[in-house]
$ cat protein26.csv   # CSV, C-alpha atoms
chain,number,residue,atom,x,y,z
A,1,VAL,CA,-3.5,5.9,-2.0
A,2,MET,CA,-0.5,3.6,-1.5
A,3,VAL,CA,3.1,3.9,-0.5
A,4,GLY,CA,5.5,4.3,-3.3
A,5,VAL,CA,8.3,1.7,-3.1
A,6,THR,CA,10.5,2.3,-6.1
A,7,GLY,CA,14.0,3.6,-6.2
A,8,VAL,CA,15.4,1.9,-3.1
A,9,SER,CA,18.4,-0.4,-3.5
A,10,ALA,CA,19.0,-3.6,-1.7
A,11,GLU,CA,22.6,-2.6,-1.5
A,12,GLN,CA,21.8,-0.1,1.2
A,13,THR,CA,22.5,-1.4,4.7
A,14,ILE,CA,19.9,0.0,7.1
A,15,PHE,CA,19.7,-2.7,9.6
A,16,THR,CA,22.7,-4.6,11.1
A,17,ASP,CA,21.0,-8.0,10.4
A,18,VAL,CA,19.8,-7.3,6.9
A,19,PRO,CA,22.8,-7.5,4.6
A,20,ALA,CA,22.4,-6.9,0.8
A,21,SER,CA,22.6,-10.6,0.3
A,22,HIS,CA,19.4,-11.2,2.2
A,23,PRO,CA,16.6,-12.3,-0.2
A,24,HIS,CA,14.2,-9.7,1.2
A,25,ALA,CA,16.7,-6.9,1.8
A,26,GLY,CA,15.3,-4.7,-1.1
A,27,SER,CA,11.7,-4.9,0.2
A,28,ILE,CA,12.7,-4.3,3.8
A,29,ASN,CA,14.7,-1.3,2.8
A,30,ALA,CA,11.9,0.0,0.6
A,31,LEU,CA,9.3,-0.2,3.4
A,32,THR,CA,11.8,1.4,5.8
A,33,ALA,CA,12.5,4.3,3.5
A,34,THR,CA,8.8,5.0,3.2
A,35,GLY,CA,8.3,4.8,7.0
A,36,VAL,CA,6.1,1.7,7.0
A,37,VAL,CA,8.5,-0.2,9.2
A,38,ASN,CA,11.1,1.0,11.7
A,39,GLY,CA,12.8,-2.1,13.0
A,40,PHE,CA,13.9,-2.4,16.6
A,41,GLY,CA,15.8,-0.1,19.0
A,42,ASP,CA,19.0,-2.2,18.7
A,43,GLY,CA,19.3,-1.4,15.0
A,44,THR,CA,18.0,-4.8,13.8
A,45,PHE,CA,14.9,-5.8,11.8
A,46,LYS,CA,14.9,-9.5,12.6
A,47,PRO,CA,13.9,-10.5,9.1
A,48,ASP,CA,13.8,-14.2,9.7
A,49,ALA,CA,11.7,-13.9,12.9
A,50,SER,CA,8.0,-14.8,12.7
A,51,VAL,CA,5.7,-11.7,12.4
A,52,THR,CA,2.8,-11.4,14.8
A,53,ARG,CA,-0.7,-10.6,13.7
A,54,GLY,CA,-0.4,-7.2,15.4
A,55,GLN,CA,2.9,-6.4,13.7
A,56,ALA,CA,1.5,-7.6,10.4
A,57,ALA,CA,-1.6,-5.4,10.8
A,58,LYS,CA,0.6,-2.3,11.2
A,59,MET,CA,2.7,-3.2,8.2
A,60,ILE,CA,-0.3,-3.9,5.9
A,61,ALA,CA,-2.2,-0.8,7.0
A,62,GLY,CA,0.9,1.3,6.6
A,63,ALA,CA,1.8,0.0,3.2
A,64,PHE,CA,-1.7,0.5,1.8
A,65,GLN,CA,-2.4,3.6,3.9
A,66,LEU,CA,-5.6,2.2,5.4
A,67,LYS,CA,-7.3,4.3,8.0
A,68,PRO,CA,-9.7,3.3,10.8
A,69,SER,CA,-13.4,4.4,10.7
A,70,GLU,CA,-15.2,5.9,13.7
A,71,ALA,CA,-18.3,4.3,12.4
A,72,VAL,CA,-16.9,0.8,12.2
A,73,GLN,CA,-15.2,-0.5,15.4
A,74,PRO,CA,-13.7,-4.1,15.6
A,75,ASN,CA,-14.8,-4.7,19.2
A,76,PHE,CA,-12.4,-7.7,19.5
A,77,THR,CA,-12.5,-9.1,23.0
A,78,ASP,CA,-8.7,-9.4,23.3
A,79,ILE,CA,-7.6,-5.9,22.3
A,80,THR,CA,-8.5,-2.4,23.6
A,81,ALA,CA,-8.0,1.1,22.1
A,82,GLU,CA,-4.8,1.4,24.2
A,83,ASN,CA,-3.2,-1.5,22.3
A,84,GLN,CA,-0.3,-0.2,20.1
A,85,TYR,CA,-1.7,-2.0,17.1
A,86,TYR,CA,-5.3,-1.0,17.6
A,87,ALA,CA,-5.5,1.7,14.9
A,88,ALA,CA,-4.0,-0.6,12.3
A,89,ILE,CA,-6.2,-3.5,13.3
A,90,ALA,CA,-9.3,-1.3,13.2
A,91,ALA,CA,-8.3,-0.1,9.8
A,92,LEU,CA,-8.1,-3.6,8.4
A,93,TYR,CA,-11.4,-4.5,10.0
A,94,ALA,CA,-13.1,-1.3,8.6
A,95,THR,CA,-12.0,-2.1,5.1
A,96,GLY,CA,-13.1,-5.8,5.4
A,97,VAL,CA,-9.6,-7.1,5.1
A,98,GLU,CA,-9.4,-8.8,8.5
A,99,ALA,CA,-12.4,-10.0,10.5
A,100,GLY,CA,-10.5,-11.9,13.2
A,101,PHE,CA,-11.6,-15.3,14.5
A,102,GLU,CA,-15.0,-16.8,15.1
A,103,ASP,CA,-14.7,-16.3,18.9
A,104,ASN,CA,-14.5,-12.5,18.3
A,105,THR,CA,-10.8,-12.3,19.1
A,106,PHE,CA,-7.9,-11.0,16.9
A,107,ARG,CA,-5.0,-12.6,18.7
A,108,PRO,CA,-2.4,-9.9,18.0
A,109,LYS,CA,0.4,-11.8,19.6
A,110,ALA,CA,-0.1,-15.0,17.6
A,111,ASN,CA,2.0,-15.6,14.6
A,112,LEU,CA,0.5,-14.8,11.2
A,113,THR,CA,0.5,-17.8,8.8
A,114,HIS,CA,0.9,-18.1,5.1
A,115,GLY,CA,-2.7,-19.2,4.9
A,116,GLN,CA,-3.9,-16.1,6.7
A,117,VAL,CA,-1.9,-13.9,4.4
A,118,LYS,CA,-3.5,-15.6,1.4
A,119,GLN,CA,-7.0,-14.9,2.9
A,120,ILE,CA,-6.1,-11.2,3.4
A,121,VAL,CA,-4.8,-11.0,-0.2
A,122,GLU,CA,-8.0,-12.7,-1.5
A,123,LYS,CA,-10.1,-10.1,0.4
A,124,MET,CA,-8.0,-7.2,-0.9
A,125,SER,CA,-8.3,-8.5,-4.4
A,126,ALA,CA,-11.9,-7.1,-4.4
A,127,ILE,CA,-10.2,-3.6,-4.2
A,128,TYR,CA,-6.9,-4.3,-5.9
A,129,PRO,CA,-7.1,-7.3,-8.3
A,130,MET,CA,-4.3,-9.8,-7.7
A,131,ASP,CA,-3.7,-13.5,-7.5
A,132,ALA,CA,-2.4,-14.8,-4.2
A,133,ALA,CA,-0.4,-17.7,-5.6
A,134,ALA,CA,1.2,-15.5,-8.2
A,135,LEU,CA,1.9,-12.9,-5.5
A,136,PHE,CA,3.8,-15.4,-3.3
A,137,THR,CA,5.8,-16.6,-6.3
A,138,ALA,CA,6.7,-13.1,-7.4
A,139,ALA,CA,7.7,-12.2,-3.8
A,140,ASN,CA,10.1,-15.2,-3.7
A,141,VAL,CA,8.1,-16.8,-0.9
A,142,THR,CA,7.3,-20.5,-0.9
A,143,PHE,CA,3.7,-20.9,0.2
A,144,ALA,CA,3.0,-23.3,3.1
A,145,GLU,CA,-0.5,-23.0,4.6
A,146,ALA,CA,0.3,-23.4,8.3
A,147,LYS,CA,3.9,-21.9,8.2
A,148,ALA,CA,4.4,-18.7,10.1
A,149,VAL,CA,5.3,-15.7,7.9
A,150,THR,CA,8.6,-14.1,8.6
A,151,ARG,CA,9.0,-10.3,8.8
A,152,GLY,CA,11.2,-10.4,5.7
A,153,GLU,CA,8.6,-12.5,3.8
A,154,LEU,CA,5.8,-10.1,4.6
A,155,ALA,CA,7.9,-7.1,3.6
A,156,SER,CA,8.5,-8.7,0.2
A,157,ILE,CA,4.8,-9.7,-0.2
A,158,LEU,CA,3.7,-6.2,0.5
A,159,VAL,CA,6.2,-4.5,-1.8
A,160,THR,CA,5.5,-6.9,-4.6
A,161,ALA,CA,1.8,-6.3,-4.2
A,162,LEU,CA,2.2,-2.6,-4.4
A,163,LYS,CA,4.4,-2.9,-7.5
A,164,LEU,CA,1.8,-5.2,-9.2
A,165,ILE,CA,-1.0,-2.8,-8.4
A,166,GLU,CA,1.0,0.2,-9.6
A,167,ALA,CA,1.8,-1.6,-12.9
A,168,GLU,CA,-1.8,-2.5,-13.4
A,169,GLU,CA,-2.9,1.1,-12.8
A,170,ASN,CA,-0.3,2.4,-15.3
A,171,LYS,CA,-2.0,0.4,-18.1
A,172,TYR,CA,-4.7,3.0,-18.2
A,173,TYR,CA,-4.4,6.4,-19.9
A,174,LYS,CA,-4.8,9.3,-17.6
A,175,LEU,CA,-6.5,12.3,-19.2
A,176,SER,CA,-6.9,15.8,-18.0
A,177,VAL,CA,-9.2,18.2,-19.9
A,178,MET,CA,-9.0,22.0,-20.0
A,179,HIS,CA,-12.2,23.6,-21.2
A,180,VAL,CA,-12.1,27.2,-22.5
A,181,ASN,CA,-14.9,29.2,-24.1
A,182,ASP,CA,-15.0,31.8,-26.9
A,183,THR,CA,-11.4,33.1,-27.2
A,184,HIS,CA,-12.3,34.6,-30.5
A,185,ALA,CA,-14.3,37.3,-28.7
A,186,HIS,CA,-11.6,37.8,-26.0
A,187,VAL,CA,-8.3,37.8,-27.9
A,188,ASP,CA,-6.8,40.0,-25.1
A,189,ARG,CA,-7.1,36.9,-22.8
A,190,LEU,CA,-5.0,34.7,-25.1
A,191,PRO,CA,-1.6,35.3,-23.3
A,192,LYS,CA,-3.1,34.4,-20.0
A,193,LEU,CA,-4.7,31.3,-21.5
A,194,MET,CA,-1.4,30.2,-23.0
A,195,THR,CA,0.3,30.6,-19.7
A,196,ALA,CA,-2.4,28.4,-18.1
A,197,VAL,CA,-2.0,25.8,-20.8
A,198,LYS,CA,1.8,25.7,-20.3
A,199,GLU,CA,1.4,25.3,-16.5
A,200,GLN,CA,-1.1,22.6,-17.0
A,201,ARG,CA,1.1,20.7,-19.4
A,202,GLU,CA,4.0,20.9,-17.1
A,203,LYS,CA,1.8,19.6,-14.3
A,204,THR,CA,0.0,17.0,-16.4
A,205,PRO,CA,1.8,16.1,-19.7
A,206,ASP,CA,-1.2,14.1,-21.0
A,207,ALA,CA,-3.6,17.0,-20.7
A,208,LEU,CA,-5.9,17.6,-23.7
A,209,LEU,CA,-7.1,21.2,-24.4
A,210,LEU,CA,-10.7,21.2,-25.6
A,211,HIS,CA,-11.7,24.5,-27.3
A,212,ALA,CA,-15.4,25.0,-27.3
A,213,GLY,CA,-15.5,28.5,-28.7
A,214,ASP,CA,-17.3,29.5,-31.9
$ encode --input "protein26.csv" --output "structure tokens"
Amino acid sequence: VMVGVTGVSAEQTIFTDVPASHPHAGSINALTATGVVNGFGDGTFKPDASVTRGQAAKMIAGAFQLKPSEAVQPNFTDITAENQYYAAIAALYATGVEAGFEDNTFRPKANLTHGQVKQIVEKMSAIYPMDAAALFTAANVTFAEAKAVTRGELASILVTALKLIEAEENKYYKLSVMHVNDTHAHVDRLPKLMTAVKEQREKTPDALLLHAGD
């Protein structure tokens, strides 16, 4: 399950430092509207500030609604369960999206780089097929391996990824099947059946009724 990010306009001014003219305004507003990001207490979002690995973990886990697993704990030496980003980091670790560093640290206060985002996208592509280079381009982010990712850039990368995944999933026909038996012998039940069919079609317009009676 992923956060829906459609129907939010860049024209809305939610944060004092994110005008409609900002290149990542639409994405920032979308993630804010869905509760993935909240900004800061002074009413700003700081879209051009570097995003830390801890902040990024929270944004990524929130956007894709990833949950930690009690059976899989990260056990990084530089964070504890009391850390404000622990749940998000644990969720990324449990899903195999983020394994931290070779010295068994996560470095939550370090800046997240473009290269690290690319690695995360490549790992996520095993679940949600997407190309990292194409994603950066579509998100209007110029890739630079060692460059720190800004909060605005990450917002656009996440929103673009969610839209690409949604578009891919919509390519497939979703089918619901209702199976009823022997209405010929139970004509008295037909009105109830028709009501059920109507309710099902309102709920699922693509539903197919399969009659298996004789």
$ closest_residue --input "protein26.csv" --among "A:Lys109, A:Leu92, A:Glu82, A:Ala132" --to "A:Ser69" --atoms "all atoms listed in the file"
A:Leu92
$ atom_distance --input "protein26.csv" --atom1 "atom CA of A:Tyr86" --atom2 "atom CA of A:Leu66"
12.6 Å
$ closest_residue --input "protein26.csv" --among "A:Gly152, A:Met194, A:Asn111, A:Gly62" --to "A:Asn29" --atoms "all atoms listed in the file"
A:Gly152
$ atom_distance --input "protein26.csv" --atom1 "atom CA of A:Ala99" --atom2 "atom CA of A:Ala33"
29.6 Å
$ closest_residue --input "protein26.csv" --among "A:Ala88, A:Val36, A:Val197, A:Ala63" --to "A:Lys163" --atoms "all atoms listed in the file"
A:Ala63
$ residues_around --input "protein26.csv" --residues "A:Pro23" --least-positions-apart "6" --cutoff "12 Å" --atoms "all atoms listed in the file" --output "tab-separated table (two decimals) with C-alpha atoms, in the coordinates of the input"
chain	number	residue	atom	x	y	z
A	10	ALA	CA	19.00	-3.60	-1.70
A	11	GLU	CA	22.60	-2.60	-1.50
A	29	ASN	CA	14.70	-1.30	2.80
A	47	PRO	CA	13.90	-10.50	9.10
A	48	ASP	CA	13.80	-14.20	9.70
A	139	ALA	CA	7.70	-12.20	-3.80
A	140	ASN	CA	10.10	-15.20	-3.70
A	141	VAL	CA	8.10	-16.80	-0.90
A	151	ARG	CA	9.00	-10.30	8.80
A	152	GLY	CA	11.20	-10.40	5.70
A	153	GLU	CA	8.60	-12.50	3.80
A	155	ALA	CA	7.90	-7.10	3.60
A	156	SER	CA	8.50	-8.70	0.20
$ closest_residue --input "protein26.csv" --among "A:Val37, A:Val51, A:Ile28, A:Ala87" --to "A:Lys67" --atoms "all atoms listed in the file"
A:Ala87
$ atom_distance --input "protein26.csv" --atom1 "atom CA of A:Arg53" --atom2 "atom CA of A:Thr80"
15.0 Å
$ closest_residue --input "protein26.csv" --among "A:Val97, A:Ala144, A:Ala61, A:Ala110" --to "A:Glu122" --atoms "all atoms listed in the file"
A:Val97
$ residues_around --input "protein26.csv" --residues "A:Asp42" --least-positions-apart "4" --cutoff "12 Å" --atoms "only C-alpha atoms" --output "PDB file with C-alpha atoms, in the coordinates of the input"
ATOM      1  CA  ILE A  14      19.900   0.000   7.100  1.00  0.00           C
ATOM      2  CA  PHE A  15      19.700  -2.700   9.600  1.00  0.00           C
ATOM      3  CA  THR A  16      22.700  -4.600  11.100  1.00  0.00           C
ATOM      4  CA  ASP A  17      21.000  -8.000  10.400  1.00  0.00           C
ATOM      5  CA  ASN A  38      11.100   1.000  11.700  1.00  0.00           C
ATOM      6  CA  LYS A  46      14.900  -9.500  12.600  1.00  0.00           C
TER       7      LYS A  46
END
$ closest_residue --input "protein26.csv" --among "A:Ser50, A:Lys123, A:Ala25, A:Phe136" --to "A:Ala148" --atoms "only C-alpha atoms"
A:Ser50
$ residues_around --input "protein26.csv" --residues "A:Tyr85" --least-positions-apart "5" --cutoff "9 Å" --atoms "only C-alpha atoms" --output "list in words"
Gly54, Gln55, Ala57, Lys58, Ile79, Ala90 and Pro108 of chain A
